[in-house]
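**Student:** model22.cif (mmCIF, C-alpha atoms) pasted underneath:
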```cif
data_target
#
loop_
_atom_site.label_atom_id
_atom_site.label_comp_id
_atom_site.auth_asym_id
_atom_site.auth_seq_id
_atom_site.Cartn_x
_atom_site.Cartn_y
_atom_site.Cartn_z
CA MET A 686 0.00 0.00 0.00
CA SER A 687 1.29 3.40 -0.89
CA ALA A 688 2.25 5.72 1.91
CA GLN A 689 0.14 8.37 0.26
CA GLY A 690 -3.20 7.14 1.45
CA ILE A 691 -5.59 4.35 2.29
CA PRO A 692 -8.54 2.73 0.52
CA GLY A 693 -11.64 4.82 0.24
CA GLY A 694 -9.92 8.18 0.08
CA GLY A 695 -9.37 8.39 3.84
CA PRO A 696 -6.57 10.32 5.51
CA LYS A 697 -2.97 9.27 5.37
CA SER A 698 -1.86 6.82 8.02
CA ALA A 699 -0.48 8.81 10.95
CA LEU A 700 2.01 6.00 11.48
CA ARG A 701 3.27 5.94 7.88
CA GLU A 702 3.46 9.75 7.73
CA PHE A 703 5.24 9.76 11.08
CA LEU A 704 7.85 7.24 9.93
CA ASN A 705 8.44 9.12 6.69
CA SER A 706 8.70 12.57 8.30
CA GLU A 707 10.90 11.35 11.16
CA ALA A 708 13.28 9.61 8.77
CA ALA A 709 13.63 12.61 6.46
CA GLY A 710 13.72 15.03 9.39
CA GLY A 711 16.40 12.90 11.04
CA ILE A 712 18.68 13.28 8.05
CA ILE A 713 18.19 17.06 8.14
CA LEU A 714 18.90 17.01 11.89
CA ILE A 715 22.17 15.16 11.28
CA LEU A 716 23.17 17.77 8.70
CA SER A 717 22.19 20.72 10.90
CA ALA A 718 24.18 19.34 13.84
CA ALA A 719 27.20 18.77 11.60
CA ILE A 720 26.98 22.32 10.24
CA ALA A 721 26.76 23.69 13.80
CA MET A 722 29.91 21.78 14.78
CA ILE A 723 31.77 23.04 11.70
CA ILE A 724 30.77 26.65 12.38
CA ALA A 725 31.63 26.36 16.08
CA ASN A 726 35.15 25.31 15.14
CA SER A 727 35.70 27.96 12.49
CA PRO A 728 36.24 31.74 12.45
CA LEU A 729 32.42 32.06 12.33
CA TYR A 730 32.03 30.89 15.93
CA ALA A 731 31.91 34.43 17.35
CA LEU A 732 29.06 35.35 14.98
CA TYR A 733 27.25 32.05 15.77
CA HIS A 734 27.45 32.74 19.52
CA HIS A 735 26.47 36.41 19.11
CA VAL A 736 23.33 35.68 17.09
CA LEU A 737 22.15 32.99 19.51
CA HIS A 738 23.04 34.51 22.88
CA ASP A 739 23.75 38.25 22.62
CA ILE A 740 20.70 39.53 20.73
CA GLN A 741 18.15 40.33 23.43
CA GLY A 742 14.39 40.73 23.40
CA PRO A 743 11.67 41.22 26.01
CA VAL A 744 11.86 39.86 29.57
CA LEU A 745 9.10 37.27 30.01
CA THR A 746 10.33 35.99 33.39
CA LYS A 747 12.95 37.20 35.85
CA LYS A 748 14.42 33.69 35.92
CA LEU A 749 15.19 33.64 32.18
CA GLY A 750 15.94 37.34 31.81
CA PRO A 751 15.94 38.98 28.35
CA MET A 752 14.81 36.53 25.68
CA THR A 753 17.56 35.61 23.23
CA PRO A 754 17.12 33.57 20.02
CA HIS A 755 18.53 30.59 21.95
CA LEU A 756 15.87 30.95 24.66
CA TRP A 757 13.08 31.43 22.11
CA ILE A 758 14.15 28.15 20.48
CA ASN A 759 14.58 26.15 23.70
CA ASP A 760 11.67 27.56 25.72
CA GLY A 761 9.36 28.60 22.89
CA LEU A 762 9.63 26.58 19.69
CA MET A 763 10.47 23.39 21.60
CA VAL A 764 7.02 23.61 23.20
CA ILE A 765 5.62 22.74 19.76
CA PHE A 766 7.97 19.75 19.59
CA PHE A 767 6.80 18.61 23.03
CA LEU A 768 3.20 19.12 21.93
CA TYR A 769 3.96 16.77 19.04
CA VAL A 770 5.59 14.30 21.43
CA GLY A 771 2.53 14.45 23.66
CA LEU A 772 0.20 13.81 20.72
CA GLU A 773 2.29 10.77 19.73
CA ILE A 774 2.17 9.44 23.28
CA LYS A 775 -1.61 9.90 23.60
CA ARG A 776 -2.24 8.34 20.18
CA GLU A 777 -0.15 5.31 21.05
CA LEU A 778 -1.75 4.91 24.50
CA VAL A 779 -5.32 5.28 23.27
CA ASP A 780 -5.27 3.85 19.75
CA GLY A 781 -1.84 2.42 18.96
CA ARG A 782 0.93 0.05 19.95
CA LEU A 783 0.68 1.01 23.63
CA SER A 784 -3.10 0.70 23.96
CA THR A 785 -3.06 -2.68 25.77
CA TRP A 786 -0.63 -4.34 28.15
CA ASP A 787 0.07 -7.12 25.64
CA LYS A 788 1.18 -4.49 23.11
CA ARG A 789 3.11 -2.27 25.50
CA ARG A 790 4.82 -4.98 27.54
CA LEU A 791 8.02 -5.41 25.49
CA PRO A 792 8.57 -1.71 24.62
CA VAL A 793 7.98 -0.66 28.24
CA ILE A 794 10.41 -3.27 29.58
CA ALA A 795 13.02 -2.28 26.98
CA ALA A 796 12.58 1.47 27.52
CA ALA A 797 12.70 1.19 31.32
CA ALA A 798 15.91 -0.84 31.22
CA GLY A 799 17.25 1.44 28.49
CA MET A 800 16.85 4.44 30.80
CA ALA A 801 17.97 2.86 34.07
CA VAL A 802 21.24 1.26 32.91
CA PRO A 803 22.66 4.42 31.23
CA ALA A 804 21.82 6.46 34.35
CA ILE A 805 23.61 3.92 36.56
CA ILE A 806 26.66 3.90 34.28
CA TYR A 807 26.78 7.71 34.40
CA LEU A 808 26.63 7.74 38.20
CA VAL A 809 29.39 5.13 38.41
CA GLU A 810 31.61 7.04 35.95
CA THR A 811 31.16 10.33 37.80
CA GLY A 812 31.79 8.71 41.17
CA GLY A 813 28.71 10.21 42.79
CA ASP A 814 30.25 13.70 42.69
CA PRO A 815 27.52 16.06 44.08
CA ALA A 816 28.47 18.70 41.49
CA LEU A 817 27.91 16.25 38.63
CA ILE A 818 25.14 13.99 39.89
CA ASN A 819 22.40 16.15 38.34
CA GLY A 820 23.41 14.92 34.88
CA TRP A 821 22.27 11.34 35.52
CA ALA A 822 19.27 11.65 33.17
CA ILE A 823 21.24 12.98 30.17
CA PRO A 824 22.15 9.54 28.68
CA ALA A 825 18.70 8.10 29.42
CA ALA A 826 17.04 9.60 26.33
CA THR A 827 16.72 8.32 22.75
CA ASP A 828 16.38 10.62 19.73
CA ILE A 829 13.65 9.25 17.44
CA ALA A 830 14.39 11.55 14.51
CA PHE A 831 18.16 11.00 14.49
CA ALA A 832 17.82 7.22 14.83
CA MET A 833 15.13 7.06 12.14
CA GLY A 834 17.38 9.14 9.89
CA VAL A 835 20.09 6.49 10.25
CA LEU A 836 17.58 3.72 9.46
CA ALA A 837 16.42 5.66 6.40
CA LEU A 838 19.95 5.47 5.01
CA LEU A 839 19.64 1.67 5.09
CA GLY A 840 16.57 1.56 2.84
CA LYS A 841 14.81 -1.82 2.79
CA ARG A 842 17.56 -3.50 4.80
CA ALA A 843 15.91 -2.10 7.96
CA PRO A 844 12.89 -4.30 8.82
CA THR A 845 9.61 -2.48 9.49
CA SER A 846 9.23 -4.23 12.85
CA LEU A 847 12.57 -2.80 13.98
CA LYS A 848 11.57 0.73 12.93
CA LEU A 849 8.29 0.44 14.84
CA PHE A 850 10.01 -1.10 17.85
CA LEU A 851 12.54 1.74 17.93
CA VAL A 852 9.79 4.35 17.61
CA THR A 853 7.68 2.73 20.33
CA VAL A 854 10.61 2.38 22.73
CA ALA A 855 11.60 6.00 22.03
CA ILE A 856 8.04 7.21 22.71
CA VAL A 857 7.99 5.39 26.06
CA ASP A 858 11.45 6.85 26.60
CA ASP A 859 10.03 10.33 25.90
CA MET A 860 7.32 9.72 28.51
CA GLY A 861 10.06 8.98 31.03
CA ALA A 862 12.12 12.00 29.96
CA VAL A 863 9.15 14.36 30.27
CA THR A 864 8.42 12.98 33.75
CA ILE A 865 12.07 13.41 34.74
CA ILE A 866 12.11 17.02 33.53
CA ALA A 867 8.93 17.81 35.46
CA LEU A 868 10.03 16.11 38.70
CA PHE A 869 13.79 16.62 38.87
CA TYR A 870 14.54 19.77 36.88
CA THR A 871 11.96 22.06 38.43
CA GLU A 872 12.68 24.61 41.16
CA GLY A 873 11.27 27.79 42.66
CA LEU A 874 7.59 26.97 42.05
CA ALA A 875 5.06 29.83 41.94
CA PRO A 876 1.73 28.51 43.32
CA GLY A 877 -0.36 31.28 41.73
CA TRP A 878 0.87 30.54 38.22
CA LEU A 879 0.50 26.80 38.83
CA GLY A 880 -3.10 27.47 39.83
CA LEU A 881 -3.70 29.37 36.59
CA ALA A 882 -2.15 26.50 34.62
CA ALA A 883 -4.45 24.05 36.40
CA ALA A 884 -7.46 26.23 35.62
CA VAL A 885 -6.53 26.41 31.93
CA MET A 886 -6.19 22.63 31.81
CA ALA A 887 -9.58 22.27 33.52
CA VAL A 888 -11.17 24.39 30.78
CA MET A 889 -9.45 22.30 28.08
CA TYR A 890 -10.65 19.13 29.80
CA ALA A 891 -14.21 20.47 29.90
CA LEU A 892 -14.07 21.30 26.18
CA ASN A 893 -12.89 17.75 25.57
CA ARG A 894 -15.68 16.24 27.69
CA PHE A 895 -18.27 18.34 25.86
CA LYS A 896 -16.86 16.95 22.60
CA VAL A 897 -15.70 20.28 21.18
CA LEU A 898 -13.75 19.17 18.10
CA ASN A 899 -12.70 22.61 16.83
CA LEU A 900 -8.95 22.95 17.44
CA VAL A 901 -8.90 26.78 17.68
CA PRO A 902 -9.93 27.09 21.37
CA TYR A 903 -7.47 24.36 22.35
CA LEU A 904 -4.61 26.12 20.56
CA ILE A 905 -5.44 29.50 22.13
CA LEU A 906 -5.55 27.90 25.58
CA THR A 907 -2.26 26.12 24.85
CA VAL A 908 -0.56 29.51 24.44
CA VAL A 909 -2.03 30.68 27.77
CA LEU A 910 -0.94 27.41 29.40
CA TRP A 911 2.59 27.86 28.03
CA TYR A 912 2.87 31.33 29.57
CA ALA A 913 1.50 30.16 32.93
CA ILE A 914 3.91 27.20 33.03
CA LEU A 915 6.77 29.48 31.97
CA GLN A 916 6.06 31.71 34.97
CA SER A 917 5.41 28.83 37.39
CA GLY A 918 8.96 27.46 37.65
CA VAL A 919 8.18 24.23 35.78
CA HIS A 920 10.01 24.08 32.46
CA ALA A 921 7.82 25.68 29.78
CA THR A 922 8.05 22.73 27.39
CA ILE A 923 5.96 20.61 29.77
CA ALA A 924 3.02 22.78 28.66
CA GLY A 925 3.18 21.13 25.25
CA VAL A 926 2.74 17.63 26.66
CA LEU A 927 -0.01 18.67 29.08
CA ALA A 928 -1.91 20.41 26.28
CA ALA A 929 -1.56 17.36 24.03
CA PHE A 930 -3.29 15.16 26.60
CA MET A 931 -6.30 17.50 26.50
CA ILE A 932 -6.72 17.33 22.70
CA PRO A 933 -9.68 15.07 21.78
CA ILE A 934 -9.00 11.87 19.86
CA ILE A 935 -11.51 9.69 18.04
CA PRO A 936 -10.22 6.11 18.50
CA THR A 937 -10.50 3.84 15.48
CA PRO A 938 -9.11 0.46 16.59
CA GLY A 939 -8.51 -1.84 13.63
CA THR A 940 -9.52 0.82 11.10
CA PRO A 941 -7.87 3.87 9.48
CA ASP A 942 -7.58 7.17 11.34
CA ALA A 943 -10.83 9.15 11.61
CA HIS A 944 -10.69 12.16 9.30
CA ASP A 945 -12.38 14.38 11.92
CA SER A 946 -10.22 13.33 14.89
CA PRO A 947 -8.72 16.59 16.30
CA LEU A 948 -5.60 14.84 17.61
CA HIS A 949 -4.81 13.21 14.28
CA ARG A 950 -5.44 16.47 12.39
CA LEU A 951 -3.15 18.43 14.71
CA GLU A 952 -0.48 15.73 14.58
CA HIS A 953 -0.51 15.77 10.78
CA ALA A 954 -0.32 19.57 10.79
CA ILE A 955 2.57 19.80 13.26
CA ALA A 956 4.64 16.91 11.89
CA PRO A 957 6.45 18.74 9.06
CA TRP A 958 7.14 21.82 11.21
CA SER A 959 8.56 19.69 14.01
CA SER A 960 10.62 17.41 11.78
CA PHE A 961 11.91 19.89 9.20
CA LEU A 962 12.21 23.16 11.13
CA ILE A 963 12.03 23.00 14.92
CA ILE A 964 14.24 19.98 15.63
CA PRO A 965 16.92 20.87 13.03
CA LEU A 966 16.92 24.45 14.36
CA PHE A 967 17.27 23.16 17.92
CA GLY A 968 20.13 20.90 16.82
CA PHE A 969 21.85 23.79 15.06
CA ALA A 970 21.45 26.09 18.09
CA ASN A 971 22.62 23.54 20.67
CA ALA A 972 25.15 21.23 18.99
CA GLY A 973 27.71 23.92 18.22
CA VAL A 974 30.49 23.39 20.75
CA SER A 975 34.02 24.58 20.16
CA LEU A 976 36.63 21.83 20.44
CA ALA A 977 39.49 24.30 20.68
CA GLY A 978 41.77 23.11 23.46
CA VAL A 979 39.78 19.89 23.93
CA GLY A 980 42.18 16.96 24.19
CA LEU A 981 41.81 13.41 25.44
CA GLY A 982 41.83 14.65 29.01
CA GLU A 983 38.82 16.89 28.45
CA ALA A 984 36.97 14.40 26.23
CA PHE A 985 37.37 11.67 28.85
CA ALA A 986 36.52 13.82 31.86
CA PRO A 987 33.83 12.30 34.12
CA VAL A 988 30.84 14.11 32.55
CA PRO A 989 31.50 13.45 28.84
CA LEU A 990 32.77 9.93 29.53
CA GLY A 991 29.81 9.13 31.76
CA ILE A 992 27.31 10.39 29.17
CA ALA A 993 29.03 8.73 26.20
CA SER A 994 29.38 5.42 28.09
CA GLY A 995 25.78 5.61 29.24
CA LEU A 996 24.49 6.14 25.71
CA PHE A 997 26.79 3.67 23.96
CA LEU A 998 27.05 0.86 26.52
CA GLY A 999 24.01 1.51 28.69
CA LYS A 1000 21.45 1.49 25.90
CA GLN A 1001 22.87 -1.69 24.38
CA ILE A 1002 23.00 -3.51 27.70
CA GLY A 1003 19.65 -2.25 28.93
CA ILE A 1004 17.55 -2.61 25.78
CA PHE A 1005 19.06 -5.68 24.15
CA GLY A 1006 19.56 -7.44 27.49
CA SER A 1007 15.98 -6.83 28.59
CA VAL A 1008 14.51 -7.95 25.24
CA TRP A 1009 16.63 -11.11 25.22
CA LEU A 1010 15.69 -11.88 28.82
CA ALA A 1011 11.99 -11.21 28.23
CA VAL A 1012 11.95 -13.63 25.28
CA LYS A 1013 13.89 -16.32 27.13
CA LEU A 1014 11.58 -16.05 30.15
CA GLY A 1015 8.48 -16.25 27.94
CA ILE A 1016 7.32 -12.75 28.90
CA ALA A 1017 7.36 -11.66 25.25
CA SER A 1018 8.14 -13.01 21.79
CA LYS A 1019 10.96 -12.03 19.50
CA LEU A 1020 10.35 -9.19 17.03
CA ARG A 1021 8.83 -10.50 13.83
CA GLY A 1022 11.01 -10.59 10.74
CA ALA A 1023 14.17 -9.64 12.64
CA THR A 1024 17.28 -11.54 13.71
CA TRP A 1025 18.94 -11.19 17.09
CA LEU A 1026 21.86 -9.36 15.48
CA GLN A 1027 19.46 -6.83 13.94
CA ILE A 1028 17.75 -6.35 17.32
CA TYR A 1029 21.16 -5.73 18.89
CA ALA A 1030 21.91 -3.14 16.19
CA VAL A 1031 18.69 -1.26 16.94
CA ALA A 1032 19.53 -1.34 20.65
CA ALA A 1033 22.80 0.35 19.67
CA LEU A 1034 20.89 2.97 17.63
CA CYS A 1035 18.85 3.76 20.73
CA GLY A 1036 22.13 5.14 22.08
CA ILE A 1037 21.58 8.18 19.86
CA GLY A 1038 20.35 10.56 22.53
CA PHE A 1039 20.91 13.80 20.69
CA THR A 1040 17.87 16.13 20.95
CA MET A 1041 16.44 15.18 24.35
CA SER A 1042 19.89 14.56 25.84
CA LEU A 1043 21.12 18.02 24.79
CA PHE A 1044 17.92 19.49 26.17
CA ILE A 1045 18.29 17.75 29.55
CA GLY A 1046 22.00 18.66 29.61
CA ALA A 1047 21.14 22.36 29.57
CA LEU A 1048 18.66 21.82 32.43
CA ALA A 1049 21.06 19.70 34.48
CA PHE A 1050 23.83 22.31 34.73
CA PRO A 1051 22.11 25.73 34.52
CA GLY A 1052 24.56 28.60 34.32
CA ASN A 1053 27.60 26.31 34.14
CA ALA A 1054 28.86 26.76 30.57
CA LEU A 1055 31.80 24.38 31.09
CA LEU A 1056 29.66 21.44 32.23
CA ILE A 1057 27.04 22.14 29.56
CA ASP A 1058 29.76 22.01 26.88
CA GLU A 1059 31.18 18.83 28.44
CA ALA A 1060 27.67 17.34 28.34
CA LYS A 1061 27.36 18.28 24.65
CA ILE A 1062 30.69 16.58 23.91
CA GLY A 1063 29.53 13.44 25.71
CA VAL A 1064 26.18 13.41 23.90
CA ILE A 1065 27.84 13.87 20.52
CA MET A 1066 30.49 11.18 21.17
CA GLY A 1067 27.97 8.63 22.45
CA SER A 1068 25.43 9.36 19.73
CA VAL A 1069 27.91 9.25 16.83
CA VAL A 1070 29.55 6.00 17.96
CA SER A 1071 26.13 4.41 18.57
CA ALA A 1072 24.94 5.50 15.12
CA LEU A 1073 28.04 4.13 13.40
CA LEU A 1074 27.84 0.77 15.18
CA GLY A 1075 24.12 0.29 14.58
CA TYR A 1076 24.35 1.37 10.94
CA THR A 1077 27.36 -0.87 10.21
CA ILE A 1078 25.77 -3.98 11.71
CA LEU A 1079 22.47 -3.47 9.87
CA ARG A 1080 24.33 -2.78 6.62
CA VAL A 1081 26.35 -6.03 6.66
CA CYS A 1082 24.36 -8.56 8.71
CA PRO A 1083 22.20 -11.22 6.99
CA LEU A 1084 18.48 -10.55 6.73
CA HIS A 1085 15.85 -12.71 8.41
CA PRO A 1086 14.90 -15.75 6.25
CA GLN A 1087 11.29 -14.47 6.00
CA HIS A 1088 12.31 -10.82 5.48
CA GLU A 1089 10.50 -10.23 2.17
CA GLN A 1090 7.33 -12.00 3.27
CA GLU A 1091 7.21 -10.13 6.59
CA GLU A 1092 7.72 -6.78 4.88
CA ARG A 1093 4.83 -7.44 2.50
CA GLU A 1094 2.54 -8.53 5.33
CA GLN A 1095 3.36 -5.56 7.54
CA GLU A 1096 2.96 -3.09 4.66
CA GLU A 1097 -0.48 -4.57 3.96
CA GLU A 1098 -1.42 -4.25 7.64
CA VAL A 1099 -0.37 -0.59 7.74
CA GLY A 1100 -2.29 0.06 4.52
CA ALA A 1101 -5.41 -1.61 5.89
CA ASP A 1102 -5.76 0.12 9.26
CA GLY A 1103 -2.78 2.44 9.72
CA ASP A 1104 -0.71 0.15 11.95
CA VAL A 1105 0.71 -3.35 12.23
CA GLU A 1106 -1.22 -6.02 14.12
CA SER A 1107 1.73 -6.89 16.36
CA LEU A 1108 5.45 -6.23 16.65
CA GLU A 1109 6.09 -9.69 18.02
CA ASP A 1110 6.35 -13.03 16.25
CA ASP A 1111 3.35 -15.26 16.91
CA GLU A 1112 4.96 -18.39 15.51
CA ASP A 1113 6.11 -21.34 17.61
CA GLU A 1114 9.26 -21.21 19.76
CA GLU A 1115 11.38 -22.96 17.13
CA VAL A 1116 10.76 -20.11 14.68
CA ILE A 1117 11.24 -17.52 17.42
CA ARG A 1118 14.77 -18.79 18.01
CA ALA A 1119 15.66 -18.52 14.30
#
```
Using structure tokens, write down the structure that the file contains.
**Tutor:**
Amino acid sequence: MSAQGIPGGGPKSALREFLNSEAAGGIILILSAAIAMIIANSPLYALYHHVLHDIQGPVLTKKLGPMTPHLWINDGLMVIFFLYVGLEIKRELVDGRLSTWDKRRLPVIAAAAGMAVPAIIYLVETGGDPALINGWAIPAATDIAFAMGVLALLGKRAPTSLKLFLVTVAIVDDMGAVTIIALFYTEGLAPGWLGLAAAVMAVMYALNRFKVLNLVPYLILTVVLWYAILQSGVHATIAGVLAAFMIPIIPTPGTPDAHDSPLHRLEHAIAPWSSFLIIPLFGFANAGVSLAGVGLGEAFAPVPLGIASGLFLGKQIGIFGSVWLAVKLGIASKLRGATWLQIYAVAALCGIGFTMSLFIGALAFPGNALLIDEAKIGVIMGSVVSALLGYTILRVCPLHPQHEQEEREQEEEVGADGDVESLEDDEDEEVIRA
């Protein structure tokens, strides 16, 4: 089935459009990050830093001070990205691959282990130093767009089940990252502004309950919610996720997306802006770190080494180890149409933490430019090595014996109702061990 539509003239599959936009957007993100690194290590660095940090606008909060282009990107535009993340999470929980425990079991186990092990490795590498401990969550994140961009370079050698598994794990991972940001990177709360935020959400909830399907009032209230959260002391991007949970969705289990579902319409509308503008712009604004004077000593300091090790080793150990153990214990079945070596490669790709890791890095060490730059170096090292390993393995390893058949079946399933029936193999144990 073509990615362009579904039988009967219905809307495009949100899943297929998501995979396509994330893959293409991931490639642009890779390029934007590379350009930022080149500029940051060239005579243009002074101009790059000036444009992002020295041009000042209005003061929205005393905590942030005058708004610079960098702040507008991180605390403004990224709210739209988090809105998109929230819409993905709600869609998957209500009407997707996380809608039942049977469907969410393996991705949740993999994501939980894939967040815990990197955090532990970081804490071990940094020796529990109180000045560095706040960075424990930096290597816990997975960048969907970057990882999907790497898979896109592999063409048909990347099984559909692996792409969907990676996306599902990363979405669960995003849920964890959003929770971490809200709980551990929030300080100086303002009860009055929190009360206003709660009131705005109550109005949005009421609109939802009264089945108001027009998106305009929700979007207006989202802007108000953003400003209230910005003033409250909670990071402003959380407003995007909270607003997303209030957007109505019309579930269509086993059938294509409803053309009048507000959540699906908003997700389709935001997708290209998030993938092709906001995330590449964020990568460009945050990946530019000067390597002048950075030698092995600086690159292997506790923070960059802890982050790089957490992303590269922690994700592999946590995700692949938990999937292997879950299959061997009979908790879940092996991914359909994929070999164990391919599953290991995707676990390595989950070590690409770029966008969310850079974002958490800035929150973990506020006002400490040295540690923020060290965190960026660690994120870039861990992400690049993870991408190279995962790509190389998937490029050279043998395909599953039923690869072509599985790809046809899964494409037909996506064309029929917008998603696959299951990520796991339902054959007998002998086939599962193939």
**Student:** With the PyMOL selection byres ((chain A and resi 767) around 10) as the selection, what would be picked from this file? Answer as a PDB file with C-alpha atoms, keeping the file's coordinate frame, please.
**Tutor:**
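expr_1.pdb, freshly written:
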```pdb
ATOM      1  CA  LEU A 762       9.630  26.580  19.690  1.00  0.00           C
ATOM      2  CA  MET A 763      10.470  23.390  21.600  1.00  0.00           C
ATOM      3  CA  VAL A 764       7.020  23.610  23.200  1.00  0.00           C
ATOM      4  CA  ILE A 765       5.620  22.740  19.760  1.00  0.00           C
ATOM      5  CA  PHE A 766       7.970  19.750  19.590  1.00  0.00           C
ATOM      6  CA  LEU A 768       3.200  19.120  21.930  1.00  0.00           C
ATOM      7  CA  TYR A 769       3.960  16.770  19.040  1.00  0.00           C
ATOM      8  CA  VAL A 770       5.590  14.300  21.430  1.00  0.00           C
ATOM      9  CA  GLY A 771       2.530  14.450  23.660  1.00  0.00           C
ATOM     10  CA  LEU A 772       0.200  13.810  20.720  1.00  0.00           C
ATOM     11  CA  GLU A 773       2.290  10.770  19.730  1.00  0.00           C
ATOM     12  CA  ASP A 859      10.030  10.330  25.900  1.00  0.00           C
ATOM     13  CA  VAL A 863       9.150  14.360  30.270  1.00  0.00           C
ATOM     14  CA  ALA A 921       7.820  25.680  29.780  1.00  0.00           C
ATOM     15  CA  THR A 922       8.050  22.730  27.390  1.00  0.00           C
ATOM     16  CA  ILE A 923       5.960  20.610  29.770  1.00  0.00           C
ATOM     17  CA  ALA A 924       3.020  22.780  28.660  1.00  0.00           C
ATOM     18  CA  GLY A 925       3.180  21.130  25.250  1.00  0.00           C
ATOM     19  CA  VAL A 926       2.740  17.630  26.660  1.00  0.00           C
ATOM     20  CA  LEU A 927      -0.010  18.670  29.080  1.00  0.00           C
ATOM     21  CA  ALA A 928      -1.910  20.410  26.280  1.00  0.00           C
ATOM     22  CA  ALA A 929      -1.560  17.360  24.030  1.00  0.00           C
ATOM     23  CA  SER A 959       8.560  19.690  14.010  1.00  0.00           C
TER      24      SER A 959
END
```
**Student:** Need the shell around range 824-827 of chain A: protein/DNA/RNA residues with any atom at most 7 Å away, counting only C-alpha atoms. Skip same-chain ones fewer than 6 positions apart. Format as a ChimeraX atom specification?
**Tutor:** /A:799-800,803-804,855,858,862,992,995-996,1035-1038,1041-1042
**Student:** Export, as a short mmCIF file (atom, residue, chain, number, x, y, z; two decimals), keeping the file's coordinate frame, the selected residues with C-alpha atoms.
**Tutor:**
```cif
data_model
loop_
_atom_site.label_atom_id
_atom_site.label_comp_id
_atom_site.auth_asym_id
_atom_site.auth_seq_id
_atom_site.Cartn_x
_atom_site.Cartn_y
_atom_site.Cartn_z
CA GLY A 799 17.25 1.44 28.49
CA MET A 800 16.85 4.44 30.80
CA PRO A 803 22.66 4.42 31.23
CA ALA A 804 21.82 6.46 34.35
CA ALA A 855 11.60 6.00 22.03
CA ASP A 858 11.45 6.85 26.60
CA ALA A 862 12.12 12.00 29.96
CA ILE A 992 27.31 10.39 29.17
CA GLY A 995 25.78 5.61 29.24
CA LEU A 996 24.49 6.14 25.71
CA CYS A 1035 18.85 3.76 20.73
CA GLY A 1036 22.13 5.14 22.08
CA ILE A 1037 21.58 8.18 19.86
CA GLY A 1038 20.35 10.56 22.53
CA MET A 1041 16.44 15.18 24.35
CA SER A 1042 19.89 14.56 25.84
#
```
**Student:** Give me the residues within 7 Å of range 705-721 of chain A as number ranges by chain, counting only C-alpha atoms and dropping any in the same chain fewer than 5 places off.
**Tutor:** A: 830-834, 837, 956-957, 960-961, 964-965, 968-969, 972-973
**Student:** Find the spatial neighbours of range 740-756 of chain A, counting all atoms listed in the file, within a cut-off of 12 Å - ignore same-chain residues fewer than 4 positions away - and output them as number ranges by chain.
**Tutor:** A: 732-736, 760-764, 872-875, 878, 911-922, 966-973, 1044, 1047, 1051-1052
**Student:** Please, what distance in Å, to one decimal, runs between CA of Leu881 in chain A and CA of Leu868 in chain A?
**Tutor:**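 Separation between CA of Leu881 in chain A and CA of Leu868 in chain A: 19.2 Å.
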**Student:** Around range 1034-1048 of chain A, fit a box with edges along x, y and z, padding it by 4 Å on each side, then list its centre and edge lengths in Å to one decimal as AutoDock Vina command-line options.
**Tutor:**
```
--center_x 19.3 --center_y 12.7 --center_z 25.0 --size_x 13.7 --size_y 27.4 --size_z 22.8
```
**Student:** Just to confirm, what's the straight-line distance from CA of Ala1060 in chain A to CA of Leu1043 in chain A in Å (one decimal)?
**Tutor:**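 Answer for the CA of Ala1060 in chain A to CA of Leu1043 in chain A separation: 7.5 Å.
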**Student:** Extract, using only C-alpha atoms, all DNA, RNA and protein residues at most 12 Å from Arg790 in chain A, discarding same-chain residues fewer than 3 positions from it, and format them as a PyMOL selection string.
**Tutor:** chain A and resi 782-787+793-797+850+853-854+857+1007-1008+1011-1012+1015-1018+1107-1109
**Student:** Output C-alpha atoms for every residue in the selection just made, as a compact mmCIF listing (two decimals), in the frame of the given file.
**Tutor:**
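Result file follows (result.txt):
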```txt
# COMPACT_ATOMS: atom_id res chain seq x y z
CA ARG A 782 0.93 0.05 19.95
CA LEU A 783 0.68 1.01 23.63
CA SER A 784 -3.10 0.70 23.96
CA THR A 785 -3.06 -2.68 25.77
CA TRP A 786 -0.63 -4.34 28.15
CA ASP A 787 0.07 -7.12 25.64
CA VAL A 793 7.98 -0.66 28.24
CA ILE A 794 10.41 -3.27 29.58
CA ALA A 795 13.02 -2.28 26.98
CA ALA A 796 12.58 1.47 27.52
CA ALA A 797 12.70 1.19 31.32
CA PHE A 850 10.01 -1.10 17.85
CA THR A 853 7.68 2.73 20.33
CA VAL A 854 10.61 2.38 22.73
CA VAL A 857 7.99 5.39 26.06
CA SER A 1007 15.98 -6.83 28.59
CA VAL A 1008 14.51 -7.95 25.24
CA ALA A 1011 11.99 -11.21 28.23
CA VAL A 1012 11.95 -13.63 25.28
CA GLY A 1015 8.48 -16.25 27.94
CA ILE A 1016 7.32 -12.75 28.90
CA ALA A 1017 7.36 -11.66 25.25
CA SER A 1018 8.14 -13.01 21.79
CA SER A 1107 1.73 -6.89 16.36
CA LEU A 1108 5.45 -6.23 16.65
CA GLU A 1109 6.09 -9.69 18.02
```
**Student:** Go ahead and compute the interatomic distance for CA of His1088 in chain A and CA of Ala1023 in chain A, in Å to one decimal.
**Tutor:** 7.5 Å
**Student:** How would you write, as a PyMOL selection string, the residues chosen by the PyMOL selection byres ((chain A and resi 887-902) around 12) on this structure?
**Tutor:** chain A and resi 880-886+903-910+927-935+944-952+954
**Student:** Using all atoms listed in the file for the distances, tell me which of A:Trp821, A:Cys1082, A:Leu851, A:Ile723 is nearest to Val1031 in chain A.
**Tutor:** A:Leu851
**Student:** When the PyMOL selection byres ((chain A and resi 807) around 10) is applied to the file above, which residues end up in the set, as JSON, numbers by chain?
**Tutor:** {"A": [802, 803, 804, 805, 806, 808, 809, 810, 811, 812, 813, 817, 818, 820, 821, 822, 823, 824, 825, 987, 988, 989, 990, 991, 992, 993, 994, 995, 996, 999]}
